[in-house]
>>> print(open('query12.cif').read())   # mmCIF, C-alpha atoms
data_run
loop_
_atom_site.label_atom_id
_atom_site.label_comp_id
_atom_site.auth_asym_id
_atom_site.auth_seq_id
_atom_site.Cartn_x
_atom_site.Cartn_y
_atom_site.Cartn_z
CA MET H 24 0.00 0.00 0.00
CA ILE H 25 1.09 3.59 -0.40
CA ASP H 26 1.86 6.04 2.41
CA LEU H 27 -1.33 7.80 3.55
CA ARG H 28 0.68 10.90 4.40
CA LEU H 29 1.87 11.12 0.79
CA LEU H 30 -1.75 10.79 -0.34
CA ARG H 31 -2.79 13.74 1.84
CA GLU H 32 0.17 15.90 0.82
CA ASP H 33 0.15 15.18 -2.93
CA PRO H 34 -3.17 13.65 -4.04
CA ASP H 35 -2.61 14.80 -7.63
CA ARG H 36 0.42 12.54 -7.88
CA VAL H 37 -1.69 9.58 -6.79
CA ARG H 38 -4.47 10.56 -9.22
CA ALA H 39 -1.92 10.73 -12.04
CA SER H 40 -0.63 7.27 -11.12
CA GLN H 41 -4.13 5.80 -11.12
CA ARG H 42 -4.83 7.46 -14.47
CA ALA H 43 -1.60 6.05 -15.95
CA ARG H 44 -2.58 2.56 -14.77
CA GLY H 45 -6.00 2.94 -16.38
CA GLU H 46 -7.63 2.51 -12.99
CA ASP H 47 -10.31 4.37 -11.03
CA VAL H 48 -9.18 7.92 -10.20
CA ALA H 49 -12.29 8.49 -8.03
CA LEU H 50 -10.82 5.99 -5.59
CA VAL H 51 -8.34 8.68 -4.50
CA ASP H 52 -11.06 11.12 -3.41
CA ALA H 53 -13.04 8.35 -1.71
CA LEU H 54 -9.93 7.40 0.22
CA LEU H 55 -9.18 11.01 1.19
CA SER H 56 -12.74 11.38 2.48
CA ALA H 57 -12.57 8.13 4.50
CA ASP H 58 -9.20 9.12 5.94
CA GLU H 59 -10.57 12.52 7.01
CA ARG H 60 -13.52 10.82 8.72
CA ARG H 61 -11.15 8.39 10.38
CA ARG H 62 -8.97 11.16 11.78
CA SER H 63 -11.83 13.45 12.85
CA SER H 64 -13.75 10.61 14.53
CA GLY H 65 -10.53 9.63 16.29
CA VAL H 66 -10.13 13.15 17.62
CA ARG H 67 -13.77 13.21 18.78
CA PHE H 68 -13.35 9.83 20.50
CA ASP H 69 -10.25 11.05 22.35
CA GLU H 70 -12.01 14.25 23.47
CA LEU H 71 -15.02 12.35 24.77
CA ARG H 72 -12.85 9.80 26.56
CA ASN H 73 -10.88 12.58 28.26
CA GLU H 74 -14.11 14.24 29.34
CA GLN H 75 -15.37 10.88 30.59
CA LYS H 76 -12.25 10.34 32.69
CA GLY H 77 -12.46 13.85 34.15
CA LEU H 78 -16.13 13.37 34.95
CA GLY H 79 -15.36 10.18 36.81
CA LYS H 80 -13.11 12.08 39.20
CA LEU H 81 -15.77 14.77 39.80
CA ILE H 82 -18.45 12.17 40.54
CA GLY H 83 -16.34 10.71 43.31
CA LYS H 84 -16.23 14.09 45.09
CA ALA H 85 -19.83 15.22 44.41
CA SER H 86 -23.04 14.58 46.34
CA GLY H 87 -26.76 15.27 46.18
CA ASP H 88 -28.22 17.00 43.11
CA GLU H 89 -24.78 17.77 41.71
CA LYS H 90 -23.86 14.09 41.73
CA ALA H 91 -27.17 13.16 40.09
CA GLU H 92 -26.53 15.65 37.30
CA LEU H 93 -22.99 14.34 36.86
CA LEU H 94 -24.21 10.75 36.69
CA LYS H 95 -26.78 11.76 34.08
CA ARG H 96 -24.03 13.39 32.05
CA ALA H 97 -21.81 10.30 32.53
CA SER H 98 -24.56 8.08 31.13
CA GLN H 99 -24.86 10.29 28.04
CA LEU H 100 -21.06 10.38 27.66
CA ALA H 101 -20.86 6.59 27.77
CA ALA H 102 -23.31 6.41 24.87
CA ASP H 103 -21.42 9.13 22.97
CA VAL H 104 -18.08 7.40 23.52
CA LYS H 105 -19.49 4.10 22.28
CA ALA H 106 -20.91 5.79 19.18
CA ALA H 107 -17.65 7.66 18.50
CA ASP H 108 -15.68 4.44 18.91
CA ALA H 109 -17.94 2.67 16.40
CA GLU H 110 -17.67 5.59 13.98
CA ARG H 111 -13.88 5.60 14.29
CA ASP H 112 -13.67 1.83 13.69
CA ALA H 113 -15.99 2.01 10.67
CA ALA H 114 -13.99 4.88 9.12
CA ASP H 115 -10.70 3.05 9.81
CA THR H 116 -12.03 -0.14 8.20
CA GLU H 117 -13.23 1.78 5.14
CA THR H 118 -9.89 3.57 4.86
CA GLN H 119 -7.93 0.31 4.97
CA GLU H 120 -10.23 -1.38 2.45
CA LEU H 121 -9.88 1.51 0.00
CA LEU H 122 -6.14 1.75 0.57
CA LEU H 123 -5.72 -1.93 -0.34
CA LYS H 124 -7.46 -1.25 -3.69
CA LEU H 125 -4.95 1.42 -4.66
CA GLY H 126 -1.99 0.34 -6.84
CA ASN H 127 1.60 1.36 -6.19
CA LEU H 128 2.70 4.78 -7.42
CA VAL H 129 3.96 4.49 -10.97
CA HIS H 130 7.56 5.65 -11.47
CA PRO H 131 7.59 8.91 -13.49
CA ASP H 132 9.81 7.41 -16.22
CA VAL H 133 7.47 4.50 -16.97
CA PRO H 134 5.90 4.72 -20.46
CA VAL H 135 2.18 5.43 -20.20
CA GLY H 136 -0.26 3.10 -21.91
CA GLY H 137 -1.36 -0.52 -22.24
CA GLU H 138 0.34 -3.83 -22.97
CA GLU H 139 1.62 -2.79 -26.42
CA ASP H 140 2.95 0.62 -25.33
CA PHE H 141 6.24 -0.66 -23.87
CA VAL H 142 9.59 0.86 -24.83
CA THR H 143 12.41 -1.37 -26.10
CA LEU H 144 15.58 -0.53 -24.18
CA GLU H 145 18.10 -3.08 -25.51
CA THR H 146 18.41 -5.95 -27.96
CA HIS H 147 20.90 -8.80 -27.51
CA GLY H 148 22.08 -11.72 -29.62
CA THR H 149 21.53 -12.62 -33.25
CA ILE H 150 18.33 -14.07 -34.64
CA ARG H 151 19.08 -17.16 -36.74
CA ASP H 152 18.15 -17.19 -40.41
CA PHE H 153 16.85 -20.74 -40.77
CA GLY H 154 16.07 -20.17 -44.44
CA ALA H 155 19.75 -19.45 -45.08
CA GLU H 156 20.62 -22.60 -43.17
CA GLY H 157 18.36 -24.58 -45.46
CA PHE H 158 15.58 -25.82 -43.21
CA GLU H 159 12.26 -24.81 -41.71
CA PRO H 160 12.37 -24.56 -37.90
CA ARG H 161 10.15 -26.91 -35.91
CA ASP H 162 8.18 -25.59 -32.96
CA HIS H 163 9.05 -26.62 -29.42
CA LEU H 164 6.25 -29.18 -29.14
CA GLU H 165 7.30 -31.06 -32.27
CA LEU H 166 10.92 -30.95 -31.09
CA GLY H 167 9.90 -32.09 -27.62
CA GLN H 168 8.10 -35.09 -29.11
CA ILE H 169 11.05 -35.95 -31.36
CA LEU H 170 13.38 -35.81 -28.34
CA GLY H 171 11.00 -37.72 -26.08
CA ALA H 172 11.04 -34.65 -23.81
CA ILE H 173 7.45 -33.30 -23.68
CA ASP H 174 4.14 -35.16 -23.42
CA VAL H 175 1.10 -32.86 -23.46
CA GLU H 176 -1.41 -35.52 -24.55
CA ARG H 177 -0.95 -37.52 -21.36
CA GLY H 178 -0.75 -34.30 -19.37
CA ALA H 179 -4.22 -33.43 -20.64
CA LYS H 180 -5.47 -36.97 -20.01
CA VAL H 181 -4.27 -36.89 -16.40
CA SER H 182 -4.96 -33.27 -15.43
CA GLY H 183 -6.68 -31.39 -18.25
CA SER H 184 -5.64 -28.71 -20.72
CA ARG H 185 -2.46 -26.69 -20.12
CA PHE H 186 -0.82 -29.50 -18.13
CA TYR H 187 2.11 -31.59 -19.37
CA PHE H 188 4.77 -34.15 -18.53
CA LEU H 189 8.47 -33.49 -18.99
CA THR H 190 10.00 -36.85 -19.81
CA GLY H 191 13.50 -38.20 -20.40
CA VAL H 192 15.84 -35.41 -21.46
CA GLY H 193 13.00 -32.93 -20.88
CA ALA H 194 13.03 -33.71 -17.17
CA LEU H 195 16.82 -33.63 -17.12
CA LEU H 196 16.79 -30.29 -18.95
CA GLU H 197 14.56 -28.79 -16.26
CA LEU H 198 16.88 -30.03 -13.49
CA ALA H 199 19.88 -28.66 -15.39
CA LEU H 200 18.23 -25.26 -15.79
CA VAL H 201 17.27 -25.07 -12.11
CA ASN H 202 20.74 -26.09 -10.92
CA ALA H 203 22.51 -23.71 -13.31
CA ALA H 204 20.21 -20.83 -12.31
CA MET H 205 20.74 -21.54 -8.60
CA ALA H 206 24.50 -21.70 -9.18
CA GLN H 207 24.46 -18.25 -10.79
CA ALA H 208 22.27 -16.86 -8.00
CA THR H 209 24.39 -18.23 -5.16
CA ALA H 210 27.56 -16.98 -6.87
CA ALA H 211 25.93 -13.52 -6.86
CA GLY H 212 25.28 -13.75 -3.11
CA PHE H 213 21.66 -14.93 -3.02
CA THR H 214 20.58 -17.33 -0.30
CA PRO H 215 18.92 -20.36 -1.92
CA MET H 216 15.41 -21.08 -0.63
CA LEU H 217 12.86 -23.87 -1.14
CA THR H 218 9.55 -22.19 -0.38
CA PRO H 219 5.99 -23.31 0.49
CA ALA H 220 3.56 -23.61 -2.39
CA LEU H 221 0.58 -22.85 -0.13
CA VAL H 222 0.21 -19.56 1.74
CA ARG H 223 -2.31 -17.84 3.99
CA PRO H 224 -4.57 -15.04 2.72
CA GLN H 225 -2.53 -12.30 4.44
CA SER H 226 0.59 -13.44 2.56
CA MET H 227 -1.18 -13.40 -0.81
CA ALA H 228 -2.95 -10.09 -0.14
CA GLY H 229 0.19 -8.53 1.28
CA THR H 230 2.09 -9.02 -1.96
CA GLY H 231 -0.79 -7.58 -4.00
CA PHE H 232 -2.08 -10.74 -5.70
CA LEU H 233 -5.67 -10.65 -4.45
CA GLY H 234 -6.61 -7.50 -6.34
CA GLN H 235 -6.60 -7.37 -10.12
CA ALA H 236 -4.69 -10.70 -10.30
CA ALA H 237 -7.15 -12.63 -8.11
CA GLN H 238 -8.78 -14.33 -11.10
CA ASP H 239 -5.53 -16.19 -11.81
CA VAL H 240 -5.06 -17.49 -8.25
CA TYR H 241 -6.05 -20.97 -7.06
CA HIS H 242 -7.83 -20.93 -3.68
CA LEU H 243 -8.39 -23.96 -1.45
CA ALA H 244 -11.58 -22.83 0.25
CA ASP H 245 -11.73 -25.64 2.84
CA ASP H 246 -8.30 -24.67 4.18
CA ASP H 247 -8.38 -20.96 3.29
CA LEU H 248 -4.99 -21.33 1.64
CA TYR H 249 -3.75 -20.14 -1.76
CA LEU H 250 -1.49 -21.87 -4.25
CA VAL H 251 1.29 -19.45 -5.15
CA GLY H 252 1.74 -18.21 -8.70
CA THR H 253 5.35 -17.32 -7.88
CA SER H 254 7.73 -17.80 -4.95
CA GLU H 255 7.74 -13.99 -4.74
CA VAL H 256 4.75 -14.45 -2.41
CA PRO H 257 6.37 -16.61 0.30
CA LEU H 258 9.68 -14.78 -0.08
CA ALA H 259 7.96 -11.42 0.50
CA ALA H 260 6.00 -12.79 3.47
CA TYR H 261 9.09 -14.50 4.93
CA HIS H 262 9.84 -11.42 7.06
CA MET H 263 6.20 -10.41 7.61
CA ASP H 264 5.65 -8.53 10.92
CA GLU H 265 9.41 -8.20 11.48
CA ILE H 266 11.81 -5.31 12.05
CA LEU H 267 15.09 -5.97 10.24
CA ASP H 268 18.49 -4.55 11.13
CA ALA H 269 19.67 -2.03 8.52
CA GLY H 270 23.18 -3.47 8.79
CA LYS H 271 21.94 -6.75 7.28
CA LEU H 272 20.59 -5.16 4.11
CA PRO H 273 20.45 -5.98 1.32
CA LEU H 274 18.88 -9.37 1.93
CA ARG H 275 18.72 -11.44 -1.26
CA TYR H 276 16.93 -14.77 -1.65
CA ALA H 277 16.68 -17.13 -4.62
CA GLY H 278 13.52 -19.19 -4.28
CA PHE H 279 12.69 -22.39 -6.14
CA SER H 280 9.06 -23.46 -6.15
CA PRO H 281 6.22 -24.86 -8.20
CA CYS H 282 3.92 -22.11 -9.46
CA PHE H 283 0.20 -22.35 -10.20
CA ARG H 284 -1.86 -20.00 -12.39
CA ARG H 285 -5.41 -20.27 -13.67
CA GLU H 286 -4.58 -18.24 -16.80
CA ALA H 287 -8.22 -17.16 -16.62
CA GLY H 288 -7.79 -14.31 -19.08
CA SER H 289 -5.83 -16.28 -21.68
CA HIS H 290 -8.60 -18.34 -23.31
CA GLY H 291 -7.39 -19.35 -26.75
CA LYS H 292 -3.88 -17.92 -26.25
CA ASP H 293 -0.78 -20.13 -26.52
CA THR H 294 -2.81 -23.33 -26.37
CA ARG H 295 -0.17 -25.39 -28.18
CA GLY H 296 2.71 -26.77 -26.18
CA ILE H 297 4.03 -25.58 -22.83
CA PHE H 298 4.43 -21.84 -23.21
CA ARG H 299 1.36 -20.92 -21.13
CA VAL H 300 0.48 -23.57 -18.54
CA HIS H 301 -1.28 -23.96 -15.19
CA GLN H 302 1.69 -25.42 -13.30
CA PHE H 303 5.41 -24.80 -13.75
CA ASP H 304 8.63 -24.50 -11.76
CA LYS H 305 10.60 -21.30 -11.39
CA VAL H 306 13.71 -19.83 -9.80
CA GLU H 307 12.88 -16.35 -8.47
CA MET H 308 15.20 -13.65 -7.11
CA PHE H 309 13.92 -11.48 -4.27
CA SER H 310 15.57 -8.51 -2.56
CA TYR H 311 14.95 -6.44 0.58
CA VAL H 312 16.77 -3.09 0.43
CA ALA H 313 16.60 0.42 1.85
CA PRO H 314 14.05 2.49 -0.17
CA GLU H 315 16.72 4.82 -1.53
CA ASP H 316 18.58 1.80 -2.98
CA SER H 317 15.64 0.23 -4.80
CA GLN H 318 16.29 1.70 -8.26
CA ALA H 319 19.94 0.59 -8.21
CA GLU H 320 18.88 -2.87 -7.01
CA HIS H 321 16.35 -3.01 -9.84
CA GLN H 322 19.13 -2.50 -12.35
CA ARG H 323 21.20 -5.21 -10.64
CA LEU H 324 18.34 -7.71 -10.89
CA LEU H 325 17.96 -6.86 -14.57
CA GLU H 326 21.69 -7.41 -15.13
CA TRP H 327 21.50 -10.86 -13.50
CA GLU H 328 18.58 -11.75 -15.78
CA LYS H 329 20.53 -10.56 -18.82
CA GLN H 330 23.56 -12.56 -17.67
CA TRP H 331 21.39 -15.68 -17.44
CA LEU H 332 19.78 -15.33 -20.87
CA THR H 333 23.15 -14.52 -22.44
CA SER H 334 24.65 -17.66 -20.89
CA LEU H 335 21.84 -19.67 -22.52
CA GLU H 336 22.89 -18.08 -25.87
CA LEU H 337 19.38 -16.79 -26.56
CA PRO H 338 18.53 -13.70 -28.63
CA PHE H 339 16.44 -11.39 -26.46
CA ARG H 340 15.33 -7.83 -25.87
CA VAL H 341 14.68 -5.76 -22.73
CA ILE H 342 11.50 -3.71 -22.50
CA ASP H 343 10.30 -1.03 -20.10
CA VAL H 344 6.76 -2.22 -19.36
CA ALA H 345 3.98 0.36 -19.81
CA SER H 346 1.99 1.69 -16.85
CA GLY H 347 -1.22 -0.20 -17.62
CA ASP H 348 0.61 -3.55 -17.62
CA LEU H 349 2.60 -3.22 -14.39
CA GLY H 350 0.45 -5.13 -11.92
CA ALA H 351 -0.63 -3.59 -8.61
CA SER H 352 2.65 -3.92 -6.70
CA ALA H 353 5.19 -2.67 -9.21
CA ALA H 354 6.27 0.94 -9.55
CA ARG H 355 8.39 -0.08 -12.53
CA LYS H 356 8.96 -3.35 -14.38
CA TYR H 357 11.42 -4.58 -16.98
CA ASP H 358 10.78 -7.71 -19.05
CA CYS H 359 13.37 -9.74 -20.93
CA GLU H 360 11.75 -11.31 -23.98
CA ALA H 361 13.42 -14.11 -25.95
CA TRP H 362 12.99 -14.58 -29.68
CA ILE H 363 10.75 -17.55 -30.50
CA PRO H 364 11.51 -18.52 -34.13
CA THR H 365 8.27 -20.30 -35.02
CA GLN H 366 6.20 -17.43 -33.61
CA GLY H 367 8.36 -14.81 -35.31
CA LYS H 368 8.34 -12.56 -32.26
CA TYR H 369 9.80 -11.91 -28.85
CA ARG H 370 8.02 -13.45 -25.83
CA GLU H 371 8.49 -12.79 -22.12
CA LEU H 372 10.94 -15.09 -20.32
CA THR H 373 11.87 -13.03 -17.29
CA SER H 374 10.48 -10.01 -15.47
CA THR H 375 11.83 -7.82 -12.67
CA SER H 376 9.75 -5.37 -10.61
CA ASP H 377 10.62 -2.59 -8.18
CA CYS H 378 7.78 -2.67 -5.65
CA THR H 379 9.29 0.15 -3.52
CA GLU H 380 7.58 0.18 -0.08
CA PHE H 381 4.22 -1.11 -1.35
CA GLN H 382 4.53 -4.72 -0.16
CA SER H 383 6.46 -3.98 3.03
CA ARG H 384 3.71 -1.63 4.26
CA ARG H 385 1.05 -4.27 3.62
CA LEU H 386 3.12 -7.00 5.26
CA SER H 387 4.42 -4.82 8.10
CA ILE H 388 8.11 -5.34 7.31
CA ARG H 389 10.32 -2.54 8.55
CA VAL H 390 13.98 -1.70 8.96
CA ARG H 391 15.67 -0.18 12.02
CA GLU H 392 18.38 2.42 11.45
CA ASP H 393 19.78 3.66 14.77
CA LYS H 394 16.56 4.49 16.65
CA LYS H 395 14.45 5.10 13.57
CA VAL H 396 12.08 2.44 12.17
CA ARG H 397 10.62 2.71 8.65
CA PRO H 398 9.31 0.52 5.80
CA LEU H 399 11.86 -0.95 3.41
CA ALA H 400 11.70 -1.71 -0.31
CA THR H 401 11.13 -5.10 -1.93
CA LEU H 402 12.01 -6.20 -5.45
CA ASN H 403 11.59 -9.41 -7.40
CA GLY H 404 13.01 -10.84 -10.59
CA THR H 405 12.48 -14.08 -12.48
CA LEU H 406 15.72 -15.90 -13.10
CA CYS H 407 14.33 -19.00 -14.78
CA ALA H 408 10.69 -19.83 -15.54
CA VAL H 409 11.35 -23.39 -16.69
CA PRO H 410 8.80 -24.22 -19.43
CA ARG H 411 9.21 -20.96 -21.33
CA THR H 412 12.98 -21.28 -21.10
CA ILE H 413 12.78 -24.82 -22.49
CA VAL H 414 10.62 -23.48 -25.35
CA ALA H 415 13.25 -20.85 -26.20
CA ILE H 416 16.19 -23.28 -25.94
CA LEU H 417 14.60 -25.97 -28.11
CA GLU H 418 13.52 -23.57 -30.84
CA ASN H 419 16.65 -21.41 -30.97
CA HIS H 420 19.20 -24.23 -30.71
CA GLN H 421 17.52 -26.80 -32.93
CA GLN H 422 19.32 -28.45 -35.82
CA ALA H 423 18.03 -29.75 -39.14
CA ASP H 424 17.83 -33.38 -37.98
CA GLY H 425 15.62 -32.51 -34.98
CA SER H 426 18.43 -32.58 -32.46
CA VAL H 427 19.08 -29.60 -30.18
CA ARG H 428 22.47 -28.13 -29.27
CA VAL H 429 22.96 -27.73 -25.52
CA PRO H 430 24.26 -24.30 -24.39
CA GLU H 431 27.66 -24.66 -22.72
CA VAL H 432 26.43 -23.36 -19.36
CA LEU H 433 24.06 -26.35 -19.07
CA ARG H 434 26.43 -29.11 -20.17
CA PRO H 435 27.96 -29.79 -16.73
CA TYR H 436 24.43 -30.35 -15.42
CA LEU H 437 23.54 -32.74 -18.27
CA GLY H 438 26.41 -35.17 -17.88
CA GLY H 439 28.48 -33.32 -20.46
CA ARG H 440 25.89 -33.68 -23.23
CA GLU H 441 26.54 -31.32 -26.12
CA VAL H 442 23.45 -32.32 -28.07
CA LEU H 443 19.96 -33.59 -27.21
CA ALA H 444 19.37 -36.33 -29.80
CA PRO H 445 16.09 -37.60 -31.23
CA VAL H 446 14.81 -40.83 -29.71
CA ALA H 447 13.81 -43.87 -31.74
CA PRO H 448 10.09 -43.80 -32.62
#
>>> encode(input="query12.cif", output="structure tokens")
Amino acid sequence: MIDLRLLREDPDRVRASQRARGEDVALVDALLSADERRRSSGVRFDELRNEQKGLGKLIGKASGDEKAELLKRASQLAADVKAADAERDAADTETQELLLKLGNLVHPDVPVGGEEDFVTLETHGTIRDFGAEGFEPRDHLELGQILGAIDVERGAKVSGSRFYFLTGVGALLELALVNAAMAQATAAGFTPMLTPALVRPQSMAGTGFLGQAAQDVYHLADDDLYLVGTSEVPLAAYHMDEILDAGKLPLRYAGFSPCFRREAGSHGKDTRGIFRVHQFDKVEMFSYVAPEDSQAEHQRLLEWEKQWLTSLELPFRVIDVASGDLGASAARKYDCEAWIPTQGKYRELTSTSDCTEFQSRRLSIRVREDKKVRPLATLNGTLCAVPRTIVAILENHQQADGSVRVPEVLRPYLGGREVLAPVAP
């Protein structure tokens, strides 16, 4: 959530942020009104309580008619205090509910617009000319079947659409990717973490995933637990309700977890293969830093993502995501998109978001510097979302005979294999 004091002092900035996100600007005025009622009812409650306490002392010293009058006034005060308390609680509840609906403040340099209004910042690698090489590229699903690596038919039989099995070298390729990604992360100083896949509502809401993204979240109603769509959620909630020592910052974690997404808004999109699925594994980077360091940390996370994709020898570009496509928590987001030959376009492989103090305020995570306590900043960045990375590797490193060249960074984790070879039919 944003700082209420900032909202009072500069409501136009918050209105501009809401407008850039394409969200309800009227929410700002509703929140200002609720906050004013909350503060004024709080002042009235305090005044009445003070009068009530003073009256109690007078009653003890009074007698006769004076005492009767004081007792009458005390009875009225008790009713007034109860009403003021209820009014204060109602205004506070409304304020908190409205505050939770407000997205993070968009960074002023973010391009304004919707999904297609991003700005390309960098392009890396060379796109292969398969025509010049003399063959038509196969898509990842055909390659996965040739290699005995992907089985979507049995995935659908067992679990339904958008589920799959990774088999043989497909399973080994996932393990290689996860181990190589974790090796890079630990070398960079991240603490490796295996995180829970189920979290409580306060963890999911605290990271901002029960607002506009709620339709993509799986909820186990009987247990009131949520399946995570990313280990960002448990990693953010890991220090919930804690005060951290400033001397220990930055704290950096690399989480590996299964991820679950309904993909409710993607009907008809990417239905072939394993690019858009309901369950996948991912290595996620997560940082806790002082607020003034968040932009520099954001650039560091982006550099680690670029290092990873470069090591996989993939052509990719970096985009500055537009305001309407940020998600509630992010003030700014960069995506790295790899070239997918059979689609003829770049597709998102990694994403890194600067969430500033938005999540830490919701999760009550603070940092102590000398005697001062304040919210800190949180950031997240995908290092390896496994299925999409497998898609990019198979399609970009395929050879005419259906085999796939293994990037050097993965070979130590695949028993030295240089090539994934087709299996006998």
>>> atom_distance(input="query12.cif", atom1="CA of Ala101 (chain H)", atom2="CA of Arg61 (chain H)")
20.0 Å
>>> resolve_selection(input="query12.cif", expression="the PyMOL selection byres ((chain H and resi 179) around 12)", output="VMD selection string")
chain H and resid 174 to 178 180 to 188 294 to 297 300 to 301
>>> atom_distance(input="query12.cif", atom1="CA of Asp52 (chain H)", atom2="CA of Glu117 (chain H)")
12.8 Å
>>> resolve_selection(input="query12.cif", expression="the PyMOL selection byres ((chain H and resi 212-221) around 8)", output="list in words")
Met205, Ala208, Thr209, Ala210, Ala211, Val222, Arg223, Leu248, Tyr249, Leu250, Val251, Ser254, Pro257, Leu258, Leu274, Arg275, Tyr276, Ala277, Gly278, Phe279, Ser280, Pro281, Cys282 and Met308 of chain H
>>> residues_around(input="query12.cif", residues="region 132-148 of chain H", least_positions_apart="5", cutoff="12 Å", atoms="only C-alpha atoms", output="NGL selection string")
:H and (39-46 or 318 or 325-326 or 329-330 or 332-350 or 353-362 or 369 or 376-377 or 419)
>>> resolve_selection(input="query12.cif", expression="the PyMOL selection byres ((chain H and resi 395-405) around 7)", output="PyMOL selection string")
chain H and resi 255+306-314+317+321+324+373-380+382-384+388-394+406-408
>>> write_last_selection(input="query12.cif", atoms="C-alpha atoms", output="mmCIF file, in the frame of the given file")
data_model
loop_
_atom_site.group_PDB
_atom_site.id
_atom_site.type_symbol
_atom_site.label_atom_id
_atom_site.label_comp_id
_atom_site.auth_asym_id
_atom_site.auth_seq_id
_atom_site.Cartn_x
_atom_site.Cartn_y
_atom_site.Cartn_z
ATOM 1 C CA GLU H 255 7.740 -13.990 -4.740
ATOM 2 C CA VAL H 306 13.710 -19.830 -9.800
ATOM 3 C CA GLU H 307 12.880 -16.350 -8.470
ATOM 4 C CA MET H 308 15.200 -13.650 -7.110
ATOM 5 C CA PHE H 309 13.920 -11.480 -4.270
ATOM 6 C CA SER H 310 15.570 -8.510 -2.560
ATOM 7 C CA TYR H 311 14.950 -6.440 0.580
ATOM 8 C CA VAL H 312 16.770 -3.090 0.430
ATOM 9 C CA ALA H 313 16.600 0.420 1.850
ATOM 10 C CA PRO H 314 14.050 2.490 -0.170
ATOM 11 C CA SER H 317 15.640 0.230 -4.800
ATOM 12 C CA HIS H 321 16.350 -3.010 -9.840
ATOM 13 C CA LEU H 324 18.340 -7.710 -10.890
ATOM 14 C CA THR H 373 11.870 -13.030 -17.290
ATOM 15 C CA SER H 374 10.480 -10.010 -15.470
ATOM 16 C CA THR H 375 11.830 -7.820 -12.670
ATOM 17 C CA SER H 376 9.750 -5.370 -10.610
ATOM 18 C CA ASP H 377 10.620 -2.590 -8.180
ATOM 19 C CA CYS H 378 7.780 -2.670 -5.650
ATOM 20 C CA THR H 379 9.290 0.150 -3.520
ATOM 21 C CA GLU H 380 7.580 0.180 -0.080
ATOM 22 C CA GLN H 382 4.530 -4.720 -0.160
ATOM 23 C CA SER H 383 6.460 -3.980 3.030
ATOM 24 C CA ARG H 384 3.710 -1.630 4.260
ATOM 25 C CA ILE H 388 8.110 -5.340 7.310
ATOM 26 C CA ARG H 389 10.320 -2.540 8.550
ATOM 27 C CA VAL H 390 13.980 -1.700 8.960
ATOM 28 C CA ARG H 391 15.670 -0.180 12.020
ATOM 29 C CA GLU H 392 18.380 2.420 11.450
ATOM 30 C CA ASP H 393 19.780 3.660 14.770
ATOM 31 C CA LYS H 394 16.560 4.490 16.650
ATOM 32 C CA LEU H 406 15.720 -15.900 -13.100
ATOM 33 C CA CYS H 407 14.330 -19.000 -14.780
ATOM 34 C CA ALA H 408 10.690 -19.830 -15.540
#
>>> residues_around(input="query12.cif", residues="Arg434 (chain H)", least_positions_apart="2", cutoff="12 Å", atoms="all atoms listed in the file", output="list of chain:residue names")
H:Leu195, H:Leu196, H:Leu198, H:Ala199, H:Leu200, H:Asn202, H:Ala203, H:Ser334, H:Leu335, H:Arg428, H:Val429, H:Pro430, H:Glu431, H:Val432, H:Tyr436, H:Leu437, H:Gly438, H:Gly439, H:Arg440, H:Glu441, H:Val442, H:Leu443
>>> write_last_selection(input="query12.cif", atoms="C-alpha atoms", output="PDB file, in the frame of the given file")
ATOM      1  CA  LEU H 195      16.820 -33.630 -17.120  1.00  0.00           C
ATOM      2  CA  LEU H 196      16.790 -30.290 -18.950  1.00  0.00           C
ATOM      3  CA  LEU H 198      16.880 -30.030 -13.490  1.00  0.00           C
ATOM      4  CA  ALA H 199      19.880 -28.660 -15.390  1.00  0.00           C
ATOM      5  CA  LEU H 200      18.230 -25.260 -15.790  1.00  0.00           C
ATOM      6  CA  ASN H 202      20.740 -26.090 -10.920  1.00  0.00           C
ATOM      7  CA  ALA H 203      22.510 -23.710 -13.310  1.00  0.00           C
ATOM      8  CA  SER H 334      24.650 -17.660 -20.890  1.00  0.00           C
ATOM      9  CA  LEU H 335      21.840 -19.670 -22.520  1.00  0.00           C
ATOM     10  CA  ARG H 428      22.470 -28.130 -29.270  1.00  0.00           C
ATOM     11  CA  VAL H 429      22.960 -27.730 -25.520  1.00  0.00           C
ATOM     12  CA  PRO H 430      24.260 -24.300 -24.390  1.00  0.00           C
ATOM     13  CA  GLU H 431      27.660 -24.660 -22.720  1.00  0.00           C
ATOM     14  CA  VAL H 432      26.430 -23.360 -19.360  1.00  0.00           C
ATOM     15  CA  TYR H 436      24.430 -30.350 -15.420  1.00  0.00           C
ATOM     16  CA  LEU H 437      23.540 -32.740 -18.270  1.00  0.00           C
ATOM     17  CA  GLY H 438      26.410 -35.170 -17.880  1.00  0.00           C
ATOM     18  CA  GLY H 439      28.480 -33.320 -20.460  1.00  0.00           C
ATOM     19  CA  ARG H 440      25.890 -33.680 -23.230  1.00  0.00           C
ATOM     20  CA  GLU H 441      26.540 -31.320 -26.120  1.00  0.00           C
ATOM     21  CA  VAL H 442      23.450 -32.320 -28.070  1.00  0.00           C
ATOM     22  CA  LEU H 443      19.960 -33.590 -27.210  1.00  0.00           C
TER      23      LEU H 443
END
>>> atom_distance(input="query12.cif", atom1="CA of Leu100 (chain H)", atom2="CA of Asn73 (chain H)")
10.4 Å
>>> closest_residue(input="query12.cif", among="H:Ala259, H:Ala228, H:Lys368, H:Leu71", to="Ala102 (chain H)", atoms="only C-alpha atoms")
H:Leu71
>>> axis_aligned_box(input="query12.cif", around="region 116-129 of chain H", padding_each_side="3 Å", output="JSON")
{"center_x": -4.6, "center_y": 1.4, "center_z": -1.4, "size_x": 23.2, "size_y": 12.7, "size_z": 25.2}
